[in-house]
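Q: Okay, so here is structure03.cif, and as you'll see once you scroll down, it has mmCIF, C-alpha atoms.
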data_start
loop_
_atom_site.label_atom_id
_atom_site.label_comp_id
_atom_site.auth_asym_id
_atom_site.auth_seq_id
_atom_site.Cartn_x
_atom_site.Cartn_y
_atom_site.Cartn_z
CA MET A 1 -49.81 42.78 -127.90
CA ALA A 2 -52.03 44.88 -130.16
CA PHE A 3 -55.68 44.09 -130.75
CA ALA A 4 -58.76 45.74 -132.19
CA THR A 5 -60.99 47.58 -129.78
CA SER A 6 -63.72 48.76 -132.11
CA THR A 7 -66.09 45.83 -131.54
CA PRO A 8 -67.19 45.01 -127.99
CA ILE A 9 -66.95 41.35 -127.02
CA ALA A 10 -70.15 39.82 -125.70
CA LEU A 11 -70.01 37.07 -123.10
CA ALA A 12 -71.23 33.86 -124.68
CA ALA A 13 -74.02 31.89 -123.03
CA ASN A 14 -71.66 28.97 -122.31
CA ASP A 15 -68.76 31.19 -121.25
CA PRO A 16 -67.32 30.34 -117.81
CA ALA A 17 -67.88 33.98 -116.96
CA ASP A 18 -71.59 33.32 -116.82
CA SER A 19 -71.12 31.30 -113.64
CA GLY A 20 -71.06 34.55 -111.68
CA ASP A 21 -74.05 36.79 -111.16
CA ARG A 22 -72.24 40.14 -111.06
CA SER A 23 -70.61 42.04 -113.86
CA TYR A 24 -67.14 42.38 -112.35
CA GLN A 25 -67.07 38.64 -111.65
CA LYS A 26 -68.05 37.79 -115.22
CA LEU A 27 -65.41 40.16 -116.56
CA ALA A 28 -62.69 38.72 -114.31
CA ALA A 29 -63.56 35.19 -115.46
CA ARG A 30 -63.51 36.27 -119.11
CA ILE A 31 -60.07 37.85 -118.77
CA ALA A 32 -58.88 34.70 -116.97
CA VAL A 33 -59.97 32.66 -120.00
CA LEU A 34 -57.99 34.92 -122.33
CA ILE A 35 -54.93 34.55 -120.13
CA ALA A 36 -55.33 30.76 -120.09
CA ASP A 37 -55.75 30.75 -123.88
CA GLY A 38 -52.51 32.72 -124.30
CA GLU A 39 -53.98 35.90 -125.76
CA PHE A 40 -52.56 37.73 -122.76
CA GLN A 41 -49.23 36.00 -122.26
CA VAL A 42 -47.33 35.47 -119.01
CA GLY A 43 -44.99 38.37 -118.34
CA ALA A 44 -46.76 40.67 -120.78
CA ARG A 45 -48.48 43.86 -119.75
CA LEU A 46 -52.25 43.86 -119.99
CA PRO A 47 -53.94 46.54 -122.09
CA SER A 48 -54.87 49.68 -120.17
CA GLU A 49 -58.10 49.90 -118.18
CA ARG A 50 -59.48 52.22 -120.83
CA ALA A 51 -58.67 49.73 -123.61
CA LEU A 52 -60.17 46.83 -121.70
CA ALA A 53 -63.29 48.85 -120.93
CA GLU A 54 -63.73 49.63 -124.61
CA ARG A 55 -63.07 46.05 -125.68
CA PHE A 56 -65.62 44.54 -123.28
CA ASP A 57 -68.02 47.48 -123.43
CA VAL A 58 -68.02 48.03 -119.67
CA SER A 59 -67.06 50.85 -117.31
CA ARG A 60 -63.48 51.41 -116.19
CA THR A 61 -64.51 50.86 -112.58
CA LEU A 62 -65.76 47.38 -113.49
CA VAL A 63 -62.41 46.69 -115.11
CA ARG A 64 -60.67 47.83 -111.94
CA GLU A 65 -62.74 45.49 -109.80
CA ALA A 66 -62.01 42.61 -112.17
CA ILE A 67 -58.29 43.35 -112.06
CA ILE A 68 -58.37 43.34 -108.25
CA VAL A 69 -59.99 39.88 -108.32
CA LEU A 70 -57.34 38.61 -110.73
CA GLU A 71 -54.63 40.10 -108.52
CA ILE A 72 -55.99 38.38 -105.39
CA GLN A 73 -55.95 35.04 -107.22
CA GLY A 74 -52.40 35.54 -108.48
CA ARG A 75 -53.28 35.90 -112.16
CA VAL A 76 -51.91 39.43 -112.55
CA GLU A 77 -49.51 41.76 -110.76
CA VAL A 78 -50.26 45.47 -110.44
CA ARG A 79 -47.12 47.59 -110.62
CA GLY A 80 -47.85 51.18 -109.72
CA GLY A 81 -46.75 53.61 -112.41
CA SER A 82 -45.91 50.77 -114.80
CA GLY A 83 -48.98 48.70 -115.53
CA ILE A 84 -50.66 45.37 -114.92
CA TYR A 85 -48.71 42.24 -115.82
CA VAL A 86 -49.82 38.66 -116.40
CA CYS A 87 -48.47 36.12 -113.89
CA ALA A 88 -47.91 32.42 -114.37
CA ALA A 89 -50.90 30.40 -113.20
CA PRO A 90 -50.46 28.30 -110.04
CA ALA A 91 -49.05 24.85 -110.84
CA SER A 92 -52.32 23.18 -109.80
CA ALA A 93 -54.51 25.39 -112.00
CA GLU A 94 -56.25 23.81 -114.97
CA ARG A 95 -57.16 26.43 -117.53
CA SER A 96 -60.11 28.64 -116.52
CA THR A 97 -61.86 26.02 -114.39
CA ALA A 98 -59.52 26.85 -111.49
CA PHE A 99 -60.63 30.48 -111.51
CA LYS A 100 -63.37 31.14 -108.97
CA PRO A 101 -64.64 34.72 -108.82
CA PRO A 102 -65.59 35.71 -105.27
CA ALA A 103 -69.14 36.19 -104.09
CA GLY A 104 -70.48 39.56 -103.02
CA PRO A 105 -70.49 43.08 -104.43
CA GLY A 106 -67.47 44.89 -105.76
CA PRO A 107 -66.12 47.98 -103.97
CA PHE A 108 -67.65 50.50 -106.38
CA GLU A 109 -71.04 48.78 -106.35
CA LEU A 110 -70.92 48.81 -102.56
CA LEU A 111 -69.90 52.46 -102.33
CA ARG A 112 -72.63 53.58 -104.73
CA ALA A 113 -75.22 51.73 -102.65
CA ARG A 114 -73.86 53.32 -99.50
CA CYS A 115 -73.97 56.75 -101.12
CA LEU A 116 -77.63 56.35 -101.96
CA ILE A 117 -78.74 54.78 -98.68
CA GLU A 118 -76.55 56.48 -96.10
CA SER A 119 -77.16 59.95 -97.53
CA GLU A 120 -80.88 59.56 -96.89
CA ILE A 121 -80.24 58.03 -93.48
CA ALA A 122 -78.14 61.05 -92.51
CA SER A 123 -81.00 63.30 -93.57
CA VAL A 124 -83.48 61.38 -91.42
CA ALA A 125 -81.05 61.30 -88.49
CA ALA A 126 -80.66 65.08 -88.60
CA GLU A 127 -84.36 65.45 -87.85
CA SER A 128 -84.84 62.56 -85.42
CA ARG A 129 -81.58 62.54 -83.43
CA LYS A 130 -81.51 63.12 -79.68
CA ASP A 131 -78.73 64.74 -77.67
CA SER A 132 -77.66 61.29 -76.48
CA ASP A 133 -77.29 60.22 -80.14
CA LEU A 134 -75.06 63.22 -80.78
CA ASP A 135 -72.89 62.23 -77.83
CA ARG A 136 -72.34 58.74 -79.26
CA ILE A 137 -71.71 60.04 -82.78
CA PHE A 138 -69.22 62.59 -81.49
CA ALA A 139 -67.40 59.91 -79.47
CA ALA A 140 -66.86 57.92 -82.66
CA LEU A 141 -65.70 61.05 -84.47
CA ALA A 142 -63.22 61.80 -81.68
CA ALA A 143 -61.91 58.22 -81.79
CA MET A 144 -61.28 58.56 -85.52
CA ARG A 145 -59.20 61.68 -84.91
CA GLU A 146 -57.33 60.06 -82.03
CA HIS A 147 -56.39 57.07 -84.19
CA MET A 148 -55.56 58.95 -87.38
CA HIS A 149 -52.28 57.03 -87.79
CA ASP A 150 -53.63 53.65 -86.68
CA LYS A 151 -55.46 52.34 -89.74
CA ALA A 152 -57.30 49.47 -88.03
CA ALA A 153 -58.48 51.56 -85.06
CA ASN A 154 -59.43 54.44 -87.36
CA GLU A 155 -61.50 52.14 -89.55
CA ALA A 156 -63.29 50.68 -86.52
CA ALA A 157 -64.22 54.19 -85.36
CA ASP A 158 -65.26 55.11 -88.92
CA ARG A 159 -67.65 52.16 -89.06
CA LEU A 160 -69.03 53.06 -85.63
CA PHE A 161 -69.62 56.67 -86.72
CA HIS A 162 -71.84 55.50 -89.57
CA LEU A 163 -73.67 52.97 -87.42
CA ARG A 164 -74.34 55.59 -84.75
CA ILE A 165 -75.95 57.83 -87.37
CA ALA A 166 -78.20 54.96 -88.44
CA GLU A 167 -79.09 54.35 -84.79
CA ALA A 168 -80.07 58.00 -84.47
CA THR A 169 -82.93 57.45 -86.94
CA GLY A 170 -84.64 55.22 -84.36
CA ASN A 171 -85.28 52.69 -87.15
CA SER A 172 -83.76 49.26 -86.48
CA VAL A 173 -84.15 48.18 -90.12
CA LEU A 174 -82.00 51.09 -91.31
CA LEU A 175 -79.37 50.15 -88.73
CA GLN A 176 -79.41 46.56 -89.99
CA MET A 177 -79.00 47.78 -93.57
CA VAL A 178 -75.99 49.95 -92.76
CA THR A 179 -74.45 47.15 -90.70
CA ALA A 180 -74.85 44.75 -93.63
CA LEU A 181 -73.29 47.25 -96.04
CA TRP A 182 -70.28 47.72 -93.79
CA ASP A 183 -69.90 43.97 -93.27
CA HIS A 184 -69.06 43.71 -96.98
CA THR A 185 -65.90 45.74 -96.37
CA LYS A 186 -64.41 42.67 -94.68
CA ALA A 187 -64.13 40.95 -98.09
CA PRO A 188 -60.67 40.43 -99.65
CA ILE A 189 -61.56 42.48 -102.73
CA TRP A 190 -62.27 45.51 -100.53
CA SER A 191 -59.07 45.03 -98.52
CA GLN A 192 -57.01 44.75 -101.70
CA MET A 193 -58.57 47.89 -103.17
CA GLU A 194 -57.76 49.76 -99.97
CA ALA A 195 -54.19 48.46 -100.05
CA HIS A 196 -53.73 50.31 -103.34
CA PHE A 197 -55.62 53.52 -102.67
CA HIS A 198 -56.18 54.12 -98.96
CA SER A 199 -53.81 56.64 -97.41
CA THR A 200 -53.33 58.87 -94.38
CA GLU A 201 -54.38 61.78 -96.60
CA LEU A 202 -57.67 60.06 -97.39
CA ARG A 203 -58.25 59.41 -93.68
CA GLN A 204 -57.72 63.10 -92.97
CA ALA A 205 -60.09 64.11 -95.77
CA SER A 206 -62.65 61.63 -94.43
CA GLN A 207 -62.26 63.13 -90.96
CA ASP A 208 -63.09 66.56 -92.36
CA ASP A 209 -66.06 65.08 -94.23
CA HIS A 210 -67.34 63.44 -91.06
CA GLN A 211 -67.04 66.70 -89.19
CA ARG A 212 -69.29 68.35 -91.78
CA VAL A 213 -71.83 65.55 -91.40
CA PHE A 214 -71.75 65.93 -87.63
CA THR A 215 -72.20 69.70 -87.85
CA ALA A 216 -75.29 69.24 -90.02
CA LEU A 217 -76.70 66.71 -87.53
CA LEU A 218 -76.02 69.12 -84.68
CA GLU A 219 -77.88 71.88 -86.51
CA ARG A 220 -80.76 69.56 -87.48
CA ASN A 221 -79.96 70.41 -91.09
CA ALA A 222 -81.44 67.47 -93.01
CA GLU A 223 -80.41 68.67 -96.47
CA GLY A 224 -76.94 69.58 -95.25
CA ALA A 225 -76.48 66.15 -93.68
CA ARG A 226 -77.61 64.44 -96.87
CA ALA A 227 -75.23 66.51 -99.02
CA ALA A 228 -72.29 66.08 -96.64
CA MET A 229 -72.68 62.30 -96.49
CA ARG A 230 -73.02 62.07 -100.26
CA ALA A 231 -69.91 64.21 -100.79
CA HIS A 232 -67.97 62.06 -98.35
CA ILE A 233 -68.73 58.75 -100.04
CA GLU A 234 -68.26 60.24 -103.51
CA ARG A 235 -64.81 61.34 -102.40
CA VAL A 236 -63.92 57.75 -101.54
CA ILE A 237 -65.24 56.58 -104.91
CA GLY A 238 -63.06 59.19 -106.60
CA GLU A 239 -59.99 58.08 -104.66
CA PHE A 240 -60.51 54.43 -105.57
CA ALA A 241 -60.89 55.37 -109.24
CA GLN A 242 -57.55 57.21 -109.45
CA ALA A 243 -54.49 55.92 -111.27
CA TRP A 244 -52.82 52.85 -109.75
CA ARG A 245 -50.22 53.60 -107.08
#
Please express the file's structure as structure tokens.
A:
Amino acid sequence: MAFATSTPIALAANDPADSGDRSYQKLAARIAVLIADGEFQVGARLPSERALAERFDVSRTLVREAIIVLEIQGRVEVRGGSGIYVCAAPASAERSTAFKPPAGPGPFELLRARCLIESEIASVAAESRKDSDLDRIFAALAAMREHMHDKAANEAADRLFHLRIAEATGNSVLLQMVTALWDHTKAPIWSQMEAHFHSTELRQASQDDHQRVFTALLERNAEGARAAMRAHIERVIGEFAQAWR
């Protein structure tokens, strides 16, 4: 279905999308309204992410997060290499009122926060770490390598690696912050994003990234640790922003 994309659509004050307090939630609710109204018909392919981003005057990553929410709630189906298709609403759904955007940050918002915070934490850890901290960080790194083909075990070791670095700062508040950031990865929207874009190749690339972070910590190279952590998280952001698989 063709439509004009030259004029961005603002979210009205009484729009159901305003019930959320985050941009991707508002966008998901707005698209749900258009599906319920029949502008995007069941069985039809949605416009591309680029077209939707232009129409709603938002970033493509926000569109991706909104699509993931719609997919989780059964409103759309993502077909890798083909497009995103509108699904029939559940029999019990009543127009847009049945659509409930999830609470919490989207994956890209979370990753950007991690990039900012954990990069600085790595820098601090490089200067404050003790040999015992290095031992614990290396143990997590080794566990990641050992479980390269076991996604759940690899992810648990990945989380521990980042927490151990926060511990090495000697600052309990920083550890609490990193723990809270990682707790958000338990949300369905994160799991669904990973289902599309996480791969063994990404785990291997992350392993190499972590090794560079560890080397910088070992050498007490604060700037190197900061840069290595930033590059690592930016890599994940780039992977999640690739074309649908």
Q: So the first atom is CA of Val69 in chain A and the second is CA of Phe197 in chain A; what is the distance between them in Å, to one decimal place?
A: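 CA of Phe197 in chain A lies 15.4 Å from CA of Val69 in chain A.
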Q: Take every atom of range 49-54 of chain A listed in the file, pad by 3 Å on each side, and give me the axis-aligned box centre and edge lengths in Å, one decimal, as AutoDock Vina command-line options.
A:
--center_x -60.9 --center_y 49.5 --center_z -121.4 --size_x 11.6 --size_y 11.4 --size_z 12.4
Q: So, counting only C-alpha atoms, which residue among A:Thr179, A:Ala89, A:Leu52, A:Ser132 is closest to Asp37 in chain A?
A: A:Ala89
Q: Out of A:Lys26, A:Arg50, A:Arg164, A:His198, which residue has the shortest atom-to-atom distance to Asp135 in chain A when counting only C-alpha atoms?
A: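 Under the stated criterion, the closest residue is A:Arg164.
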Q: Please report the interatomic distance between CA of Ile165 in chain A and CA of Arg136 in chain A in Å with one decimal.
A: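 Taking CA of Ile165 in chain A as the start and CA of Arg136 in chain A as the end point, the length is 8.9 Å.
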Q: Taking the point (-63.5, 43.7, -96.9) as given in the file, collect each protein or nucleic acid residue that comes within 12 Å of it, counting only C-alpha atoms, and present the set as an MDAnalysis selection string.
A: chainID A and resid 102:107 110 155 180:195
Q: Could you check how far CA of Arg45 in chain A sits from CA of Val86 in chain A, in Å to one decimal?
A: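 Going from CA of Arg45 in chain A over to CA of Val86 in chain A covers 6.3 Å.
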Q: What does the PyMOL selection byres ((chain A and resi 223) around 12) select in this file, as JSON, numbers by chain?
A: {"A": [119, 120, 121, 122, 123, 124, 125, 126, 127, 213, 215, 216, 217, 219, 220, 221, 222, 224, 225, 226, 227, 228, 229, 230]}
Q: The PyMOL selection byres ((chain A and resi 43) around 9) - which residues does that actually catch in the file I just gave you? List them as a PyMOL selection string.
A: chain A and resi 40-42+44-45+85-88
Q: Give me, as JSON, numbers by chain, all polymer residues having an atom no more than 9 Å from Val78 in chain A, counting only C-alpha atoms and skipping those fewer than 3 positions away in the same chain.
A: {"A": [67, 68, 71, 82, 83, 84, 85, 244, 245]}
Q: Counting all atoms listed in the file, figure out which residue out of A:Leu134, A:Met177, A:Ala231, A:Leu202 gets nearest to Ala113 in chain A.
A: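 That would be A:Met177, the residue with the smallest distance to Ala113 in chain A.
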Q: Just want the 9 Å neighbourhood of Ile31 in chain A, counted on all atoms listed in the file, with same-chain residues fewer than 2 positions away dropped. Output as a list of chain:residue names.
A: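 Residues meeting the cut-off are A:Ala17, A:Lys26, A:Leu27, A:Ala28, A:Ala29, A:Val33, A:Leu34, A:Ile35, A:Ala36, A:Phe40, A:Ala66, A:Ile67, A:Leu70.
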Q: So which one's closest to Glu118 in chain A, A:Glu49, A:Asp208, A:Glu167, A:Glu146? Using only C-alpha atoms, please.
A: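 Smallest distance to Glu118 in chain A is found for A:Glu167.
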Q: Taking all atoms listed in the file into account, which of A:Ala157, A:Val63, A:Leu116, A:Ala142 comes nearest Leu46 in chain A?
A: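 The answer is A:Val63, which sits nearest to Leu46 in chain A.
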Q: For Cys115 in chain A, which of A:Ile233, A:Arg60, A:Met144, A:Arg30 is the closest residue, counting only C-alpha atoms?
A: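 Counting only C-alpha atoms, the residue closest to Cys115 in chain A is A:Ile233.
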